[in-house]
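Next up, structure-v3.pdb (PDB, C-alpha atoms):
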ATOM      1  CA  MET D 286      11.590 -18.497   0.080
ATOM      2  CA  GLU D 287      12.687 -16.814  -3.093
ATOM      3  CA  THR D 288      11.273 -16.834  -6.539
ATOM      4  CA  ASN D 289      12.067 -15.609  -9.982
ATOM      5  CA  ALA D 290       8.928 -13.513  -9.992
ATOM      6  CA  LYS D 291       8.126 -11.248 -12.894
ATOM      7  CA  LEU D 292       8.281  -7.775 -11.432
ATOM      8  CA  TYR D 293       7.665  -4.714 -13.567
ATOM      9  CA  CYS D 294       8.463  -1.031 -13.366
ATOM     10  CA  LEU D 295       5.939   0.739 -15.554
ATOM     11  CA  ASN D 296       6.569   4.343 -16.582
ATOM     12  CA  TYR D 297       4.329   7.379 -16.851
ATOM     13  CA  ASN D 298       4.519   7.314 -20.655
ATOM     14  CA  GLU D 299       2.769   3.924 -20.787
ATOM     15  CA  VAL D 300      -1.008   3.600 -20.973
ATOM     16  CA  ARG D 301      -0.764   0.448 -18.845
ATOM     17  CA  THR D 302       0.452   2.581 -15.934
ATOM     18  CA  TYR D 303      -2.784   4.559 -15.874
ATOM     19  CA  LEU D 304      -4.981   1.519 -16.482
ATOM     20  CA  TRP D 305      -3.408  -0.344 -13.569
ATOM     21  CA  ALA D 306      -3.560   2.742 -11.354
ATOM     22  CA  ALA D 307      -7.264   3.130 -12.216
ATOM     23  CA  LEU D 308      -7.870  -0.524 -11.327
ATOM     24  CA  PHE D 309      -6.109  -0.017  -7.987
ATOM     25  CA  VAL D 310      -8.233   3.054  -7.293
ATOM     26  CA  VAL D 311     -11.410   1.057  -7.991
ATOM     27  CA  CYS D 312     -10.189  -1.712  -5.675
ATOM     28  CA  ASN D 313      -9.426   0.957  -3.097
ATOM     29  CA  LEU D 314     -13.002   2.207  -3.345
ATOM     30  CA  VAL D 315     -14.540  -1.245  -2.846
ATOM     31  CA  LEU D 316     -12.241  -2.883  -0.283
ATOM     32  CA  PRO D 317     -12.651  -0.204   2.423
ATOM     33  CA  LEU D 318     -16.425  -0.504   2.164
ATOM     34  CA  VAL D 319     -16.115  -4.228   2.814
ATOM     35  CA  ALA D 320     -13.550  -3.768   5.597
ATOM     36  CA  HIS D 321     -15.723  -1.208   7.366
ATOM     37  CA  LEU D 322     -18.493  -3.783   7.741
ATOM     38  CA  ILE D 323     -16.352  -5.086  10.618
ATOM     39  CA  PRO D 324     -15.934  -2.798  13.655
ATOM     40  CA  GLN D 325     -12.535  -1.090  13.282
ATOM     41  CA  GLY D 326     -12.083  -3.066  10.041
ATOM     42  CA  GLY D 327     -10.333  -0.190   8.318
ATOM     43  CA  ILE D 328      -7.723   0.033  11.064
ATOM     44  CA  ILE D 329      -7.358  -3.735  11.412
ATOM     45  CA  PHE D 330      -7.065  -4.630   7.725
ATOM     46  CA  ALA D 331      -5.719  -1.414   6.120
ATOM     47  CA  PRO D 332      -7.336  -2.246   2.766
ATOM     48  CA  LEU D 333      -5.782   0.681   0.895
ATOM     49  CA  SER D 334      -2.315  -0.382   2.002
ATOM     50  CA  LEU D 335      -2.900  -3.929   0.799
ATOM     51  CA  VAL D 336      -3.565  -2.833  -2.784
ATOM     52  CA  ILE D 337      -0.777  -0.245  -2.810
ATOM     53  CA  LEU D 338       1.832  -2.672  -1.446
ATOM     54  CA  ALA D 339       1.005  -5.524  -3.818
ATOM     55  CA  GLY D 340       0.701  -3.168  -6.776
ATOM     56  CA  ALA D 341       3.924  -1.314  -6.041
ATOM     57  CA  TYR D 342       5.926  -4.477  -5.604
ATOM     58  CA  LYS D 343       4.531  -6.131  -8.741
ATOM     59  CA  LEU D 344       4.170  -3.146 -11.119
ATOM     60  CA  GLY D 345       6.452  -0.443  -9.736
ATOM     61  CA  TRP D 346       6.368   2.664  -7.643
ATOM     62  CA  LYS D 347       4.939   4.939 -10.344
ATOM     63  CA  VAL D 348       1.685   2.998 -10.696
ATOM     64  CA  ALA D 349       1.342   2.708  -6.932
ATOM     65  CA  LEU D 350       2.179   6.365  -6.351
ATOM     66  CA  LEU D 351      -0.687   7.436  -8.606
ATOM     67  CA  ALA D 352      -3.078   5.147  -6.753
ATOM     68  CA  ALA D 353      -1.670   6.184  -3.350
ATOM     69  CA  VAL D 354      -2.539   9.823  -4.023
ATOM     70  CA  VAL D 355      -5.816   9.408  -5.911
ATOM     71  CA  SER D 356      -7.391   6.594  -3.836
ATOM     72  CA  PRO D 357      -7.734   8.365  -0.476
ATOM     73  CA  LEU D 358      -8.801  11.620  -2.135
ATOM     74  CA  LEU D 359     -11.495   9.936  -4.205
ATOM     75  CA  ASN D 360     -12.594   7.831  -1.235
ATOM     76  CA  HIS D 361     -12.923  10.962   0.875
ATOM     77  CA  TYR D 362     -14.968  12.845  -1.693
ATOM     78  CA  LEU D 363     -17.238   9.892  -2.555
ATOM     79  CA  THR D 364     -17.698   8.225   0.843
ATOM     80  CA  GLY D 365     -16.380  10.628   3.470
ATOM     81  CA  MET D 366     -13.706   8.067   4.409
ATOM     82  CA  PRO D 367     -11.081   8.763   5.467
ATOM     83  CA  ALA D 368     -12.201  11.718   7.504
ATOM     84  CA  TRP D 369     -10.584  15.011   6.522
ATOM     85  CA  GLY D 370      -8.340  15.002   9.605
ATOM     86  CA  VAL D 371      -6.966  11.552   8.705
ATOM     87  CA  LEU D 372      -6.604  12.157   4.969
ATOM     88  CA  GLN D 373      -3.140  13.735   4.960
ATOM     89  CA  VAL D 374      -1.762  11.070   7.297
ATOM     90  CA  MET D 375      -3.197   8.288   5.143
ATOM     91  CA  MET D 376      -1.819   9.829   1.964
ATOM     92  CA  LEU D 377       1.621  10.200   3.552
ATOM     93  CA  LYS D 378       1.659   6.582   4.693
ATOM     94  CA  LEU D 379       0.451   5.277   1.325
ATOM     95  CA  VAL D 380       3.054   7.325  -0.565
ATOM     96  CA  VAL D 381       5.810   6.019   1.727
ATOM     97  CA  LEU D 382       4.556   2.452   1.207
ATOM     98  CA  ALA D 383       4.344   2.862  -2.586
ATOM     99  CA  LEU D 384       7.877   4.225  -2.789
ATOM    100  CA  ALA D 385       9.366   1.699  -0.354
ATOM    101  CA  ALA D 386       7.779  -1.311  -2.061
ATOM    102  CA  GLY D 387       8.311  -0.197  -5.638
ATOM    103  CA  LEU D 388      11.912   0.890  -5.174
ATOM    104  CA  THR D 389      12.777  -2.254  -3.201
ATOM    105  CA  ALA D 390      11.348  -4.484  -5.926
ATOM    106  CA  GLN D 391      13.149  -2.458  -8.599
ATOM    107  CA  TYR D 392      16.477  -2.637  -6.775
ATOM    108  CA  PHE D 393      16.466  -6.288  -5.658
ATOM    109  CA  ARG D 394      14.419  -7.655  -8.595
ATOM    110  CA  LYS D 395      13.059 -10.496  -6.527
ATOM    111  CA  ALA D 396      10.186 -11.207  -4.206
ATOM    112  CA  THR D 397      11.114 -12.832  -0.930
ATOM    113  CA  LEU D 398       9.247 -12.905   2.347
ATOM    114  CA  PRO D 399      12.102 -11.157   4.216
ATOM    115  CA  LEU D 400      12.177  -8.328   1.656
ATOM    116  CA  ILE D 401       8.415  -7.832   1.787
ATOM    117  CA  VAL D 402       8.421  -7.958   5.605
ATOM    118  CA  GLY D 403      11.232  -5.397   5.574
ATOM    119  CA  VAL D 404       9.273  -3.120   3.255
ATOM    120  CA  VAL D 405       6.170  -3.301   5.449
ATOM    121  CA  LEU D 406       8.113  -2.659   8.648
ATOM    122  CA  ALA D 407      10.165   0.178   7.142
ATOM    123  CA  ALA D 408       7.071   1.840   5.675
ATOM    124  CA  GLU D 409       5.196   1.464   8.968
ATOM    125  CA  ILE D 410       8.060   2.980  10.942
ATOM    126  CA  ILE D 411       8.675   5.868   8.518
ATOM    127  CA  GLY D 412       4.942   6.461   8.070
ATOM    128  CA  GLY D 413       4.431   6.220  11.828
ATOM    129  CA  ILE D 414       7.076   8.849  12.467
ATOM    130  CA  GLY D 415       5.378  11.050   9.881
ATOM    131  CA  GLU D 416       1.970  10.442  11.475
ATOM    132  CA  TRP D 417       3.331  11.280  14.909
ATOM    133  CA  ALA D 418       4.936  14.459  13.541
ATOM    134  CA  LEU D 419       1.690  15.525  11.854
ATOM    135  CA  THR D 420      -0.706  14.649  14.667
ATOM    136  CA  GLY D 421       1.366  14.540  17.827
ATOM    137  CA  ASP D 422      -0.644  11.426  18.756
ATOM    138  CA  ILE D 423       1.673   8.529  19.568
ATOM    139  CA  VAL D 424      -1.286   6.327  20.584
ATOM    140  CA  ALA D 425      -2.751   6.397  17.062
ATOM    141  CA  THR D 426       0.675   5.673  15.633
ATOM    142  CA  VAL D 427       1.216   2.659  17.885
ATOM    143  CA  SER D 428      -2.308   1.360  17.197
ATOM    144  CA  ASP D 429      -1.257   0.609  13.620
ATOM    145  CA  PHE D 430       0.830  -2.193  15.123
ATOM    146  CA  THR D 431      -1.315  -3.215  18.084
ATOM    147  CA  ILE D 432      -4.687  -3.211  16.317
ATOM    148  CA  GLY D 433      -3.495  -3.461  12.731
ATOM    149  CA  TRP D 434      -1.187  -6.470  12.929
ATOM    150  CA  PRO D 435      -3.671  -8.782  11.133
ATOM    151  CA  GLY D 436      -3.711  -6.352   8.213
ATOM    152  CA  LEU D 437       0.080  -6.158   8.141
ATOM    153  CA  LEU D 438       0.285  -9.958   7.978
ATOM    154  CA  LEU D 439      -2.371 -10.020   5.274
ATOM    155  CA  GLN D 440      -0.429  -7.437   3.257
ATOM    156  CA  ILE D 441       2.742  -9.524   3.449
ATOM    157  CA  VAL D 442       1.074 -12.802   2.460
ATOM    158  CA  VAL D 443      -1.040 -11.333  -0.349
ATOM    159  CA  THR D 444       1.892  -9.372  -1.789
ATOM    160  CA  TYR D 445       4.109 -12.440  -1.761
ATOM    161  CA  LEU D 446       1.408 -14.506  -3.484
ATOM    162  CA  VAL D 447       0.692 -11.804  -6.063
ATOM    163  CA  CYS D 448       4.377 -11.441  -6.890
ATOM    164  CA  THR D 449       5.181 -15.143  -7.023
ATOM    165  CA  LYS D 450       2.013 -16.793  -8.313
ATOM    166  CA  ILE D 451       0.710 -14.275 -10.842
ATOM    167  CA  GLY D 452       2.614 -13.757 -14.107
TER
END

Go ahead and express the file in the form of structure tokens.
Amino acid sequence: METNAKLYCLNYNEVRTYLWAALFVVCNLVLPLVAHLIPQGGIIFAPLSLVILAGAYKLGWKVALLAAVVSPLLNHYLTGMPAWGVLQVMMLKLVVLALAAGLTAQYFRKATLPLIVGVVLAAEIIGGIGEWALTGDIVATVSDFTIGWPGLLLQIVVTYLVCTKIG
């Protein structure tokens, strides 16, 4: 399934970059609150990753990188989530996801399910290795796949729809 999706790569000298990044940060403040209404909802659905992946693939790595750094920091200071001990791991994983998705979209200039699946898997593996290196906890790293698979599927489907159905 391939499409001639309109994919963008906004730059830091464009106002739109900061407006989109601000919108992603707002979404990343609201979605975790909703996800955490479900027990382990944050782990299962990875709401920050959903916004970062779709945004990076559609609008480029620079927009997503801003949101990937600001979102968890602002969430932590406003809501206490993620906890301080998880913050650096979450930021690392979001930065990896933003770069992987944005650079893949920029290089291939198309949105296909195999490409998006590849981005998600690559980011999860690289981010997981980083998480394991930072925490030494392989169980937490593996739980992203065992508990978080519904969120990974949701990320793939939503990103594909955003890239192919929205101009």

Taking only residues of stretch 298-410 of chain D that have an atom at most 9 Å from an atom of stretch 414-426 of chain D, what is each one's shortest atom pair and its distance in Å to one decimal, using all atoms listed in the file, in chain and number order, as JSON lines?
{"residue": "D:Gln373", "atom": "CA", "partner": "D:Leu419", "partner_atom": "CA", "distance": 8.6}
{"residue": "D:Val374", "atom": "CA", "partner": "D:Glu416", "partner_atom": "CA", "distance": 5.6}
{"residue": "D:Met375", "atom": "CA", "partner": "D:Glu416", "partner_atom": "CA", "distance": 8.5}
{"residue": "D:Leu377", "atom": "CA", "partner": "D:Gly415", "partner_atom": "CA", "distance": 7.4}
{"residue": "D:Lys378", "atom": "CA", "partner": "D:Gly415", "partner_atom": "CA", "distance": 7.8}
{"residue": "D:Glu409", "atom": "CA", "partner": "D:Ile414", "partner_atom": "CA", "distance": 8.4}
{"residue": "D:Ile410", "atom": "CA", "partner": "D:Ile414", "partner_atom": "CA", "distance": 6.1}

Store the residues picked out above, limited to C-alpha atoms, as a PDB file, in the frame of the given file.
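Result file follows (part.pdb):
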ATOM      1  CA  GLN D 373      -3.140  13.735   4.960  1.00  0.00           C
ATOM      2  CA  VAL D 374      -1.762  11.070   7.297  1.00  0.00           C
ATOM      3  CA  MET D 375      -3.197   8.288   5.143  1.00  0.00           C
ATOM      4  CA  LEU D 377       1.621  10.200   3.552  1.00  0.00           C
ATOM      5  CA  LYS D 378       1.659   6.582   4.693  1.00  0.00           C
ATOM      6  CA  GLU D 409       5.196   1.464   8.968  1.00  0.00           C
ATOM      7  CA  ILE D 410       8.060   2.980  10.942  1.00  0.00           C
TER       8      ILE D 410
END

(Q) What would the selection look like, as a VMD selection string, if the PyMOL selection byres ((chain D and resi 380-388) around 7) were run on the coordinates I just shared? (A) chain D and resid 337 to 338 341 to 342 345 to 346 349 to 350 353 376 to 379 389 to 392 404 408 412

Written file, previous selection with C-alpha atoms, as a JSON list (two decimals), in the coordinates of the input:
[["chain", "number", "residue", "atom", "x", "y", "z"],
["D", 337, "ILE", "CA", -0.78, -0.24, -2.81],
["D", 338, "LEU", "CA", 1.83, -2.67, -1.45],
["D", 341, "ALA", "CA", 3.92, -1.31, -6.04],
["D", 342, "TYR", "CA", 5.93, -4.48, -5.60],
["D", 345, "GLY", "CA", 6.45, -0.44, -9.74],
["D", 346, "TRP", "CA", 6.37, 2.66, -7.64],
["D", 349, "ALA", "CA", 1.34, 2.71, -6.93],
["D", 350, "LEU", "CA", 2.18, 6.36, -6.35],
["D", 353, "ALA", "CA", -1.67, 6.18, -3.35],
["D", 376, "MET", "CA", -1.82, 9.83, 1.96],
["D", 377, "LEU", "CA", 1.62, 10.20, 3.55],
["D", 378, "LYS", "CA", 1.66, 6.58, 4.69],
["D", 379, "LEU", "CA", 0.45, 5.28, 1.32],
["D", 389, "THR", "CA", 12.78, -2.25, -3.20],
["D", 390, "ALA", "CA", 11.35, -4.48, -5.93],
["D", 391, "GLN", "CA", 13.15, -2.46, -8.60],
["D", 392, "TYR", "CA", 16.48, -2.64, -6.78],
["D", 404, "VAL", "CA", 9.27, -3.12, 3.26],
["D", 408, "ALA", "CA", 7.07, 1.84, 5.68],
["D", 412, "GLY", "CA", 4.94, 6.46, 8.07]]

**Q.** Expected residue set, 9 Å radius at (-5.8, 8.1, -3.0), only C-alpha atoms, as an MDAnalysis selection string
**A.** chainID D and resid 310 313 333 350:361 372 375:376 379

Q) Interatomic distance between atom CA of D:Gly340 and atom CA of D:Asn296? A)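 Atom-to-atom, atom CA of D:Gly340 and atom CA of D:Asn296 are spaced 13.7 Å apart.
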
**Q.** One-decimal distance in Å that lies between atom CA of D:Pro399 and atom CA of D:Tyr445
**A.**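 Answer for the atom CA of D:Tyr445 to atom CA of D:Pro399 separation: 10.1 Å.
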
Could all heavy atoms be built for stretch 418-429 of chain D and written out as a compact mmCIF listing (two decimals), in the frame of the given file?
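selection-v3.txt, written as the output of this step:
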# COMPACT_ATOMS: atom_id res chain seq x y z
N ALA D 418 4.53 13.06 13.77
CA ALA D 418 4.94 14.46 13.54
C ALA D 418 3.74 15.32 13.14
O ALA D 418 3.63 16.47 13.56
CB ALA D 418 6.02 14.53 12.47
N LEU D 419 2.86 14.76 12.32
CA LEU D 419 1.69 15.52 11.85
C LEU D 419 0.61 15.68 12.92
O LEU D 419 -0.04 16.71 13.00
CB LEU D 419 1.08 14.86 10.62
CG LEU D 419 1.87 14.98 9.32
CD1 LEU D 419 1.27 14.09 8.24
CD2 LEU D 419 1.93 16.42 8.85
N THR D 420 0.42 14.64 13.72
CA THR D 420 -0.71 14.65 14.67
C THR D 420 -0.29 14.85 16.11
O THR D 420 -1.10 15.29 16.93
CB THR D 420 -1.50 13.33 14.59
OG1 THR D 420 -0.67 12.25 15.04
CG2 THR D 420 -2.00 13.06 13.18
N GLY D 421 0.93 14.48 16.43
CA GLY D 421 1.37 14.54 17.83
C GLY D 421 0.74 13.45 18.68
O GLY D 421 0.86 13.45 19.89
N ASP D 422 0.09 12.47 18.04
CA ASP D 422 -0.64 11.43 18.76
C ASP D 422 0.10 10.09 18.62
O ASP D 422 -0.08 9.37 17.65
CB ASP D 422 -2.06 11.32 18.19
CG ASP D 422 -2.94 10.36 18.97
OD1 ASP D 422 -2.47 9.75 19.96
OD2 ASP D 422 -4.12 10.20 18.57
N ILE D 423 0.90 9.77 19.60
CA ILE D 423 1.67 8.53 19.57
C ILE D 423 0.77 7.31 19.71
O ILE D 423 1.06 6.24 19.18
CB ILE D 423 2.79 8.53 20.64
CG1 ILE D 423 3.75 7.34 20.45
CG2 ILE D 423 2.19 8.49 22.04
CD1 ILE D 423 4.61 7.44 19.24
N VAL D 424 -0.36 7.46 20.39
CA VAL D 424 -1.29 6.33 20.58
C VAL D 424 -1.84 5.85 19.24
O VAL D 424 -1.89 4.65 18.97
CB VAL D 424 -2.43 6.71 21.55
CG1 VAL D 424 -3.46 5.59 21.65
CG2 VAL D 424 -1.87 7.04 22.93
N ALA D 425 -2.24 6.77 18.39
CA ALA D 425 -2.75 6.40 17.06
C ALA D 425 -1.66 5.73 16.23
O ALA D 425 -1.92 4.78 15.50
CB ALA D 425 -3.30 7.62 16.34
N THR D 426 -0.45 6.23 16.38
CA THR D 426 0.68 5.67 15.63
C THR D 426 0.95 4.24 16.07
O THR D 426 1.13 3.35 15.24
CB THR D 426 1.93 6.54 15.84
OG1 THR D 426 1.63 7.87 15.42
CG2 THR D 426 3.11 6.01 15.09
N VAL D 427 0.95 4.00 17.36
CA VAL D 427 1.22 2.66 17.89
C VAL D 427 0.06 1.70 17.57
O VAL D 427 0.28 0.51 17.38
CB VAL D 427 1.49 2.73 19.40
CG1 VAL D 427 1.59 1.35 20.03
CG2 VAL D 427 2.78 3.51 19.66
N SER D 428 -1.16 2.23 17.47
CA SER D 428 -2.31 1.36 17.20
C SER D 428 -2.22 0.69 15.83
O SER D 428 -2.83 -0.36 15.62
CB SER D 428 -3.62 2.13 17.32
OG SER D 428 -3.80 3.00 16.22
N ASP D 429 -1.46 1.26 14.92
CA ASP D 429 -1.26 0.61 13.62
C ASP D 429 -0.62 -0.77 13.81
O ASP D 429 -0.87 -1.68 13.04
CB ASP D 429 -0.39 1.46 12.71
CG ASP D 429 -1.14 2.63 12.12
OD1 ASP D 429 -2.37 2.70 12.29
OD2 ASP D 429 -0.49 3.48 11.50
